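Next comes run.cif, a file with mmCIF, C-alpha atoms (C1' of nucleotides).
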```cif
data_structure
#
loop_
_atom_site.label_atom_id
_atom_site.label_comp_id
_atom_site.auth_asym_id
_atom_site.auth_seq_id
_atom_site.Cartn_x
_atom_site.Cartn_y
_atom_site.Cartn_z
CA MET V 16 185.98 98.51 -64.04
CA THR V 17 185.55 99.71 -60.55
CA GLY V 18 188.12 101.89 -58.92
CA THR V 19 188.83 99.38 -56.21
CA PRO V 20 192.55 99.25 -55.57
CA VAL V 21 193.90 95.76 -55.75
CA THR V 22 196.87 96.31 -53.55
CA THR V 23 197.11 99.26 -51.28
CA GLN V 24 200.45 100.66 -50.41
CA THR V 25 201.60 103.53 -48.36
CA VAL V 26 203.80 105.91 -50.23
CA GLU V 27 206.71 107.29 -48.29
CA ALA V 28 209.71 109.22 -49.37
CA GLY V 29 213.24 108.13 -48.75
CA THR V 30 212.56 104.48 -48.16
CA SER V 31 214.76 101.70 -49.32
CA LEU V 32 214.18 98.26 -50.65
CA SER V 33 214.58 95.03 -48.86
CA ALA V 34 214.12 91.57 -50.17
CA THR V 35 213.26 88.41 -48.37
CA ILE V 36 212.17 84.89 -48.94
CA VAL V 37 208.75 83.61 -48.16
CA THR V 38 208.25 79.94 -47.81
CA TYR V 39 204.85 78.52 -47.23
CA ASP V 40 202.69 75.65 -48.20
CA ASP V 41 201.18 76.10 -51.59
CA GLY V 42 198.42 73.60 -51.64
CA MET V 43 198.57 72.83 -55.32
CA ALA V 44 196.02 70.27 -56.35
CA ASP V 45 197.11 66.92 -57.64
CA SER V 46 194.39 67.02 -60.21
CA ALA V 47 195.70 70.19 -61.73
CA PRO V 48 196.02 70.19 -65.51
CA LEU V 49 199.58 71.28 -65.06
CA ASP V 50 202.98 69.76 -65.18
CA PRO V 51 203.09 67.70 -62.01
CA ASP V 52 206.73 68.62 -61.78
CA MET V 53 205.85 72.28 -61.61
CA PHE V 54 207.21 72.47 -58.13
CA THR V 55 210.08 70.13 -58.62
CA GLY V 56 212.87 71.18 -56.37
CA CYS V 57 210.58 72.50 -53.72
CA PRO V 58 210.64 69.84 -51.04
CA PRO V 59 207.42 68.93 -49.28
CA VAL V 60 207.00 70.21 -45.79
CA ALA V 61 204.30 69.78 -43.21
CA ALA V 62 204.67 73.07 -41.38
CA PRO V 63 204.76 76.15 -43.59
CA ILE V 64 207.38 78.73 -42.75
CA ARG V 65 207.11 82.42 -43.14
CA ILE V 66 210.22 84.52 -43.28
CA GLY V 67 208.63 87.07 -45.53
CA ASP V 68 206.83 89.01 -42.86
CA LYS V 69 207.45 92.65 -42.27
CA TRP V 70 210.48 92.45 -40.05
CA THR V 71 212.44 89.21 -40.33
CA ALA V 72 214.56 90.19 -43.30
CA LYS V 73 215.27 93.59 -41.84
CA ILE V 74 216.41 92.03 -38.59
CA ILE V 75 218.73 89.76 -40.52
CA ARG V 76 220.17 92.81 -42.27
CA CYS V 77 220.64 94.55 -38.96
CA LEU V 78 222.53 91.57 -37.61
CA GLU V 79 224.56 91.01 -40.76
CA SER V 80 227.51 93.00 -39.51
CA GLY V 81 227.54 91.53 -36.02
CA PRO V 82 225.64 90.88 -32.79
CA ARG V 83 223.35 93.56 -31.44
CA ARG V 84 221.28 94.30 -28.38
CA PHE V 85 217.53 94.71 -28.21
CA THR V 86 217.66 98.49 -28.29
CA GLU V 87 220.27 98.49 -31.03
CA LEU V 88 217.77 96.64 -33.15
CA GLN V 89 214.84 98.77 -32.12
CA THR V 90 216.51 102.00 -33.15
CA PRO V 91 217.29 101.29 -36.81
CA LEU V 92 214.01 99.43 -37.18
CA ARG V 93 212.23 102.61 -36.36
CA GLY V 94 208.59 102.18 -35.73
CA ILE V 95 208.81 98.62 -34.49
CA THR V 96 207.21 98.20 -31.10
CA PRO V 97 208.89 96.09 -28.44
CA LYS V 98 206.08 93.60 -28.61
CA VAL V 99 206.53 92.99 -32.32
CA LEU V 100 210.31 92.96 -32.08
CA THR V 101 210.18 90.44 -29.28
CA ALA V 102 207.77 88.26 -31.18
CA SER V 103 209.93 88.39 -34.30
CA LEU V 104 213.10 87.60 -32.39
CA ARG V 105 211.45 84.71 -30.57
CA ALA V 106 210.22 83.22 -33.82
CA MET V 107 213.62 83.57 -35.42
CA GLU V 108 215.28 82.05 -32.39
CA ARG V 109 212.84 79.16 -32.47
CA ASP V 110 213.67 78.57 -36.12
CA GLY V 111 217.39 78.61 -35.44
CA LEU V 112 218.07 81.82 -37.34
CA LEU V 113 219.61 83.63 -34.40
CA THR V 114 220.71 83.13 -30.81
CA ARG V 115 219.67 85.07 -27.75
CA THR V 116 222.20 85.56 -24.99
CA ALA V 117 221.08 87.16 -21.73
CA TYR V 118 223.73 88.40 -19.28
CA ASP V 119 222.73 88.43 -15.66
CA GLU V 120 223.50 92.05 -14.96
CA ILE V 121 221.72 95.16 -13.82
CA PRO V 122 220.65 96.78 -16.00
CA PRO V 123 220.00 93.67 -18.06
CA ARG V 124 221.85 93.04 -21.29
CA VAL V 125 220.65 90.75 -24.05
CA VAL V 126 222.53 90.14 -27.26
CA TYR V 127 221.17 88.70 -30.47
CA GLU V 128 223.41 87.13 -33.07
CA LEU V 129 222.85 85.41 -36.37
CA THR V 130 223.47 81.70 -36.63
CA ASP V 131 225.01 80.19 -39.73
CA LEU V 132 221.53 79.21 -40.76
CA GLY V 133 220.28 82.75 -40.38
CA ARG V 134 223.26 84.07 -42.25
CA SER V 135 222.61 81.64 -45.07
CA LEU V 136 219.39 83.49 -45.78
CA LEU V 137 221.41 86.44 -46.98
CA GLU V 138 222.04 84.58 -50.19
CA PRO V 139 218.45 84.38 -51.45
CA MET V 140 217.80 87.80 -49.93
CA ASN V 141 220.57 89.19 -52.07
CA ALA V 142 219.09 87.48 -55.09
CA GLY V 143 215.94 89.43 -54.40
CA CYS V 144 217.90 92.65 -54.05
CA GLU V 145 219.62 91.91 -57.31
CA TRP V 146 216.28 91.44 -59.01
CA SER V 147 215.10 94.77 -57.64
CA ARG V 148 218.21 96.48 -58.83
CA ARG V 149 217.75 95.15 -62.30
CA HIS V 150 214.01 95.12 -62.86
CA LEU V 151 212.33 97.40 -60.42
CA ASP V 152 212.32 100.39 -62.76
CA ALA V 153 210.53 98.29 -65.36
CA LEU V 154 207.90 97.36 -62.82
CA MET V 155 207.45 100.95 -61.73
CA ARG V 156 207.11 102.07 -65.32
CA ALA V 157 204.48 99.41 -65.95
CA ARG V 158 202.61 100.62 -62.92
CA ASP V 159 202.80 104.22 -64.06
CA SER V 160 201.52 103.51 -67.53
CA TRP V 161 198.71 101.51 -65.95
CA SER V 162 197.54 104.47 -63.92
CA ALA V 163 197.82 106.57 -67.05
CA ALA V 164 195.77 104.19 -69.17
CA VAL V 165 193.10 102.93 -66.83
CA PRO V 166 191.88 105.79 -64.62
CA MET D 1345 207.41 82.14 -20.83
CA THR D 1346 203.87 81.98 -21.99
CA GLY D 1347 202.74 79.45 -24.49
CA THR D 1348 201.65 82.10 -26.93
CA PRO D 1349 202.66 81.04 -30.42
CA VAL D 1350 204.65 83.69 -32.22
CA THR D 1351 203.74 82.57 -35.66
CA THR D 1352 200.74 80.42 -36.24
CA GLN D 1353 200.75 78.00 -39.09
CA THR D 1354 198.34 75.50 -40.41
CA VAL D 1355 199.80 72.08 -40.68
CA GLU D 1356 198.79 70.11 -43.71
CA ALA D 1357 200.13 66.96 -45.19
CA GLY D 1358 201.41 66.68 -48.69
CA THR D 1359 202.10 70.29 -49.31
CA SER D 1360 205.02 71.64 -51.19
CA LEU D 1361 207.26 74.60 -50.81
CA SER D 1362 207.18 77.73 -52.81
CA ALA D 1363 209.46 80.69 -52.57
CA THR D 1364 208.94 84.25 -53.56
CA ILE D 1365 210.42 87.68 -53.23
CA VAL D 1366 208.96 90.37 -51.07
CA THR D 1367 209.94 93.91 -51.71
CA TYR D 1368 208.76 96.63 -49.47
CA ASP D 1369 209.91 99.79 -47.84
CA ASP D 1370 211.99 99.14 -44.80
CA GLY D 1371 211.97 102.47 -43.07
CA MET D 1372 215.40 102.21 -41.55
CA ALA D 1373 216.32 105.26 -39.55
CA ASP D 1374 219.23 107.42 -40.56
CA SER D 1375 220.25 107.74 -36.99
CA ALA D 1376 220.74 104.05 -36.58
CA PRO D 1377 223.99 102.96 -34.98
CA LEU D 1378 224.53 100.69 -37.91
CA ASP D 1379 226.55 100.64 -41.04
CA PRO D 1380 224.79 103.17 -43.24
CA ASP D 1381 225.66 100.96 -46.17
CA MET D 1382 223.67 98.15 -44.65
CA PHE D 1383 221.19 98.34 -47.46
CA THR D 1384 223.63 99.15 -50.20
CA GLY D 1385 222.37 97.64 -53.36
CA CYS D 1386 218.75 98.05 -52.47
CA PRO D 1387 217.64 100.99 -54.53
CA PRO D 1388 215.29 103.53 -52.98
CA VAL D 1389 211.70 103.42 -54.08
CA ALA D 1390 208.71 105.52 -53.23
CA ALA D 1391 205.99 102.93 -53.60
CA PRO D 1392 206.59 99.67 -51.79
CA ILE D 1393 205.88 96.55 -53.75
CA ARG D 1394 204.67 93.28 -52.45
CA ILE D 1395 205.09 90.18 -54.49
CA GLY D 1396 205.35 88.02 -51.44
CA ASP D 1397 201.66 87.68 -50.78
CA LYS D 1398 199.97 84.35 -50.65
CA TRP D 1399 199.34 83.80 -54.34
CA THR D 1400 201.62 85.78 -56.63
CA ALA D 1401 204.50 83.36 -56.69
CA LYS D 1402 202.21 80.41 -57.17
CA ILE D 1403 200.55 82.10 -60.11
CA ILE D 1404 203.96 82.69 -61.64
CA ARG D 1405 204.75 79.00 -61.20
CA CYS D 1406 201.47 78.07 -62.82
CA LEU D 1407 202.28 80.24 -65.80
CA GLU D 1408 205.90 79.18 -66.05
CA SER D 1409 205.21 76.52 -68.66
CA GLY D 1410 202.91 78.64 -70.78
CA PRO D 1411 199.72 80.74 -70.98
CA ARG D 1412 196.67 79.59 -69.07
CA ARG D 1413 193.03 80.50 -68.70
CA PHE D 1414 191.28 81.68 -65.56
CA THR D 1415 189.93 78.27 -64.68
CA GLU D 1416 193.21 76.58 -65.50
CA LEU D 1417 194.74 78.74 -62.81
CA GLN D 1418 191.91 78.28 -60.36
CA THR D 1419 192.11 74.52 -60.42
CA PRO D 1420 195.75 73.98 -59.41
CA LEU D 1421 195.55 76.87 -56.97
CA ARG D 1422 192.92 74.97 -55.12
CA GLY D 1423 191.18 76.97 -52.50
CA ILE D 1424 191.62 80.31 -54.18
CA THR D 1425 188.33 82.11 -54.63
CA PRO D 1426 187.58 83.88 -57.91
CA LYS D 1427 187.63 87.20 -56.14
CA VAL D 1428 191.14 86.70 -54.80
CA LEU D 1429 192.41 85.25 -58.05
CA THR D 1430 191.02 88.20 -59.98
CA ALA D 1431 192.56 90.67 -57.57
CA SER D 1432 195.93 88.95 -57.76
CA LEU D 1433 195.89 88.80 -61.54
CA ARG D 1434 194.88 92.45 -61.80
CA ALA D 1435 197.72 93.51 -59.52
CA MET D 1436 200.21 91.43 -61.47
CA GLU D 1437 198.94 92.82 -64.74
CA ARG D 1438 199.25 96.33 -63.38
CA ASP D 1439 202.84 95.65 -62.38
CA GLY D 1440 203.67 94.27 -65.80
CA LEU D 1441 204.23 90.72 -64.62
CA LEU D 1442 201.64 89.19 -66.92
CA THR D 1443 199.28 90.03 -69.75
CA ARG D 1444 195.55 89.46 -69.93
CA THR D 1445 194.02 88.67 -73.30
CA ALA D 1446 190.24 88.44 -73.60
CA TYR D 1447 188.72 86.87 -76.69
CA ASP D 1448 185.28 88.11 -77.63
CA GLU D 1449 183.59 84.75 -77.76
CA ILE D 1450 180.72 82.97 -76.11
CA PRO D 1451 181.49 81.45 -73.73
CA PRO D 1452 184.20 83.98 -72.90
CA ARG D 1453 187.84 83.04 -73.02
CA VAL D 1454 190.60 84.91 -71.21
CA VAL D 1455 194.23 83.94 -71.33
CA TYR D 1456 196.96 84.99 -68.94
CA GLU D 1457 200.61 84.88 -69.90
CA LEU D 1458 203.84 85.85 -68.20
CA THR D 1459 205.76 88.82 -69.49
CA ASP D 1460 209.53 88.79 -69.60
CA LEU D 1461 209.45 90.83 -66.43
CA GLY D 1462 207.23 88.30 -64.70
CA ARG D 1463 209.42 85.47 -65.93
CA SER D 1464 212.49 87.21 -64.57
CA LEU D 1465 211.10 86.70 -61.09
CA LEU D 1466 211.69 82.99 -61.46
CA GLU D 1467 215.36 83.61 -60.84
CA PRO D 1468 215.11 84.94 -57.27
CA MET D 1469 212.23 82.54 -56.65
CA ASN D 1470 214.50 79.68 -57.56
CA ALA D 1471 217.13 81.06 -55.25
CA GLY D 1472 214.58 80.77 -52.48
CA CYS D 1473 213.72 77.23 -53.52
CA GLU D 1474 217.39 76.40 -53.51
CA TRP D 1475 217.72 77.73 -49.98
CA SER D 1476 214.79 75.61 -48.90
CA ARG D 1477 216.29 72.56 -50.49
CA ARG D 1478 219.54 73.07 -48.69
CA HIS D 1479 218.59 74.46 -45.30
CA LEU D 1480 214.99 73.70 -44.59
CA ASP D 1481 215.73 70.51 -42.70
CA ALA D 1482 218.06 72.44 -40.41
CA LEU D 1483 215.30 74.93 -39.70
CA MET D 1484 212.79 72.20 -39.02
CA ARG D 1485 215.18 70.48 -36.68
CA ALA D 1486 215.77 73.72 -34.83
CA ARG D 1487 212.04 74.14 -34.49
CA ASP D 1488 211.60 70.62 -33.24
CA SER D 1489 214.26 70.90 -30.58
CA TRP D 1490 212.67 74.17 -29.52
CA SER D 1491 209.34 72.49 -28.89
CA ALA D 1492 211.21 69.76 -27.05
CA ALA D 1493 213.14 72.15 -24.84
CA VAL D 1494 210.65 74.89 -24.05
CA PRO D 1495 207.23 73.41 -23.29
"C1'" DC W 1389 217.24 97.79 -20.25
"C1'" DG W 1390 214.48 94.41 -22.03
"C1'" DG W 1391 210.77 93.15 -22.10
"C1'" DA W 1392 205.21 91.62 -20.85
"C1'" DA W 1393 200.09 92.65 -20.87
"C1'" DT W 1394 196.25 94.50 -22.98
"C1'" DC W 1395 193.60 96.72 -26.35
"C1'" DC W 1396 192.76 98.16 -31.05
"C1'" DG W 1397 192.74 99.00 -36.17
"C1'" DA W 1398 193.88 97.73 -40.93
"C1'" DT W 1399 194.06 94.44 -44.38
"C1'" DA W 1400 194.32 90.01 -46.68
"C1'" DA W 1401 191.74 86.46 -47.64
"C1'" DG W 1402 187.82 83.03 -47.36
"C1'" DA W 1403 182.57 81.86 -47.93
"C1'" DT W 1404 178.72 82.43 -50.49
"C1'" DA W 1405 175.71 83.89 -53.97
"C1'" DC W 1406 174.84 85.86 -58.36
"C1'" DT W 1407 175.58 87.32 -63.62
"C1'" DG W 1408 176.61 88.66 -68.81
"C1'" DC G 160 183.51 80.78 -68.61
"C1'" DA G 161 185.10 84.45 -66.20
"C1'" DG G 162 184.19 86.97 -63.39
"C1'" DT G 163 181.40 90.62 -59.56
"C1'" DA G 164 179.23 91.75 -55.03
"C1'" DT G 165 178.73 91.36 -50.24
"C1'" DC G 166 179.81 89.64 -45.90
"C1'" DT G 167 182.68 87.68 -42.50
"C1'" DT G 168 186.89 86.08 -40.44
"C1'" DA G 169 191.70 85.73 -39.24
"C1'" DT G 170 196.09 87.54 -38.70
"C1'" DC G 171 199.41 90.97 -38.30
"C1'" DG G 172 201.10 94.81 -36.63
"C1'" DG G 173 200.66 99.18 -33.90
"C1'" DA G 174 199.68 102.04 -29.46
"C1'" DT G 175 199.93 102.28 -24.81
"C1'" DT G 176 200.99 101.08 -20.20
"C1'" DC G 177 203.49 98.75 -16.72
"C1'" DC G 178 207.29 95.78 -14.49
"C1'" DG G 179 211.76 93.40 -12.45
#
```

Please lay out the structure from this file as structure tokens.
Amino acid sequence: MTGTPVTTQTVEAGTSLSATIVTYDDGMADSAPLDPDMFTGCPPVAAPIRIGDKWTAKIIRCLESGPRRFTELQTPLRGITPKVLTASLRAMERDGLLTRTAYDEIPPRVVYELTDLGRSLLEPMNAGCEWSRRHLDALMRARDSWSAAVP
Amino acid sequence: MTGTPVTTQTVEAGTSLSATIVTYDDGMADSAPLDPDMFTGCPPVAAPIRIGDKWTAKIIRCLESGPRRFTELQTPLRGITPKVLTASLRAMERDGLLTRTAYDEIPPRVVYELTDLGRSLLEPMNAGCEWSRRHLDALMRARDSWSAAVP
DNA sequence: CGGAATCCGATAAGATACTG
DNA sequence: CAGTATCTTATCGGATTCCG
């Protein structure tokens, strides 16, 4: 057994947990020796969607309580660069998760607001939070005993 | 507006949807002009966890109906290389999501099986599937009208 | 204020070949 | 069969600078 870490993670103090949904194509083979209904309930889609990237769920959380401006998002999402925030917001706007409203003023003012579709994501996100609340300690304990047993 | 795609995605026919939970640190600032209870219910954790990578959820689906061997996972997860499958399985084993049982035979036989903890992830995963089932068409329509309006 | 442009580094993941 | 080893690539996100 080599010491190669399988997943690397940065350890920081005082962080919180967020939960999001990732949807993407799964590319399961038809010839698989598995129940062909394994993915029943997951509708086929041509273009995979990713809402499980680093920022999308956090942005949704930030907008949960109401519309916010660019800077009002940038501040709580500390560390996000304008480029990444812009890209995330554009993608979410494109997917109908939020709206972007620019007022023609000086200085400029742009307001982002969740759509109903974007707000609907809170439901599965909360399911993820609920899982964390219930099972995360078990996972952390498993991880601890692994480091204790394997080193 | 440049034509730079915000999120790139490969478009394939005949793929299905999968949904998984991502948990990671969110690094929200304390000084944010936001409801400090924004993340209420998301317990703090020192080591971020990612179960939203490309393969974890699919592996859980593959194991949902019972234990399977390495090759029996590799086949339905077409395209996964042994290296990546091994890394994913090791990480999941470390986190207590599945067990690895190696039988001392020739040829070797190794069986992977979900733990209760791993199986518990099906719940939030299904919540994500349910969201897809209900709202994915709305998202796709939003995306389509975006391409129609912007180009 | 709300971005855009450019450059750069880390990491996940794929391709390929080999082995007990 | 169940991996390991090595190399390469792609993508994401971060840092920095500049602009209307």

Exercise. Just so the selection is clear, what residues does the PyMOL selection byres ((chain G) within 12 of (chain V)) cover here, as a PyMOL selection string?
Worked result: chain G and resi 162-164+170-175+179

For this session: Specify as number ranges by chain all residues of chain W found within 12 Å of chain V, counting all atoms listed in the file.
Result: W: 1389-1394, 1398-1400

For this session: Name the residues that the PyMOL selection byres ((chain V and resi 134) around 12) pulls out of this structure, and write them as a VMD selection string.
Result: (chain V and resid 72 74 to 82 107 111 to 114 128 to 133 135 to 141) or (chain D and resid 1475 1479)

Problem set entry | Interatomic distance, CA of Leu88 in chain V to CA of Ala102 in chain V (Å, one decimal) | 13.2 Å

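Across the model, the gap from CA of Ile1395 in chain D to CA of Ser1476 in chain D is 18.4 Å.
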
Using 6 Å of padding on each side, determine the axis-aligned box around all atoms of range 1391-1406 of chain W present in the file and give its centre and edge lengths in Å to one decimal, as JSON.
```
{"center_x": 192.8, "center_y": 90.4, "center_z": -39.6, "size_x": 47.9, "size_y": 29.1, "size_z": 49.5}
```

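Candidate residues D:Arg1422, D:Arg1478, D:Arg1412, D:Arg1444 were compared for distance to chain V, and the nearest is D:Arg1422, using all atoms listed in the file.
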
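With distances restricted to all atoms listed in the file, D:Gly1472 is the closest residue to chain V from D:Leu1433, D:Gly1472, D:Thr1445, D:Leu1480.
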
Exercise. Residues picked by the PyMOL selection byres ((chain G and resi 166) around 12) here, as a count of residues only?
Worked result: 8

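Considering all atoms listed in the file, the residue among D:Glu1449, D:Ser1491, D:Glu1474, D:Pro1420 positioned nearest to chain V is D:Pro1420.
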
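The shortest atom-to-atom distance to chain V, with only C-alpha atoms taken into account, belongs to D:Glu1416 out of D:Glu1416, D:Thr1400, D:Val1455, D:Tyr1447.
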
Problem set entry | Separation of C1' of DA1401 in chain W from CA of Arg1434 in chain D, in Å and rounded to one decimal | 15.7 Å

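Within a radius of 10 Å around (212.8, 74.4, -36.9), the polymer residues are V:Ala62, V:Ile64, V:Ala106, V:Met107, V:Glu108, V:Arg109, V:Asp110, V:Gly111, V:Leu112, D:Leu1480, D:Asp1481, D:Ala1482, D:Leu1483, D:Met1484, D:Arg1485, D:Ala1486, D:Arg1487, D:Asp1488, D:Ser1489, D:Trp1490, D:Ser1491, counting all atoms listed in the file.
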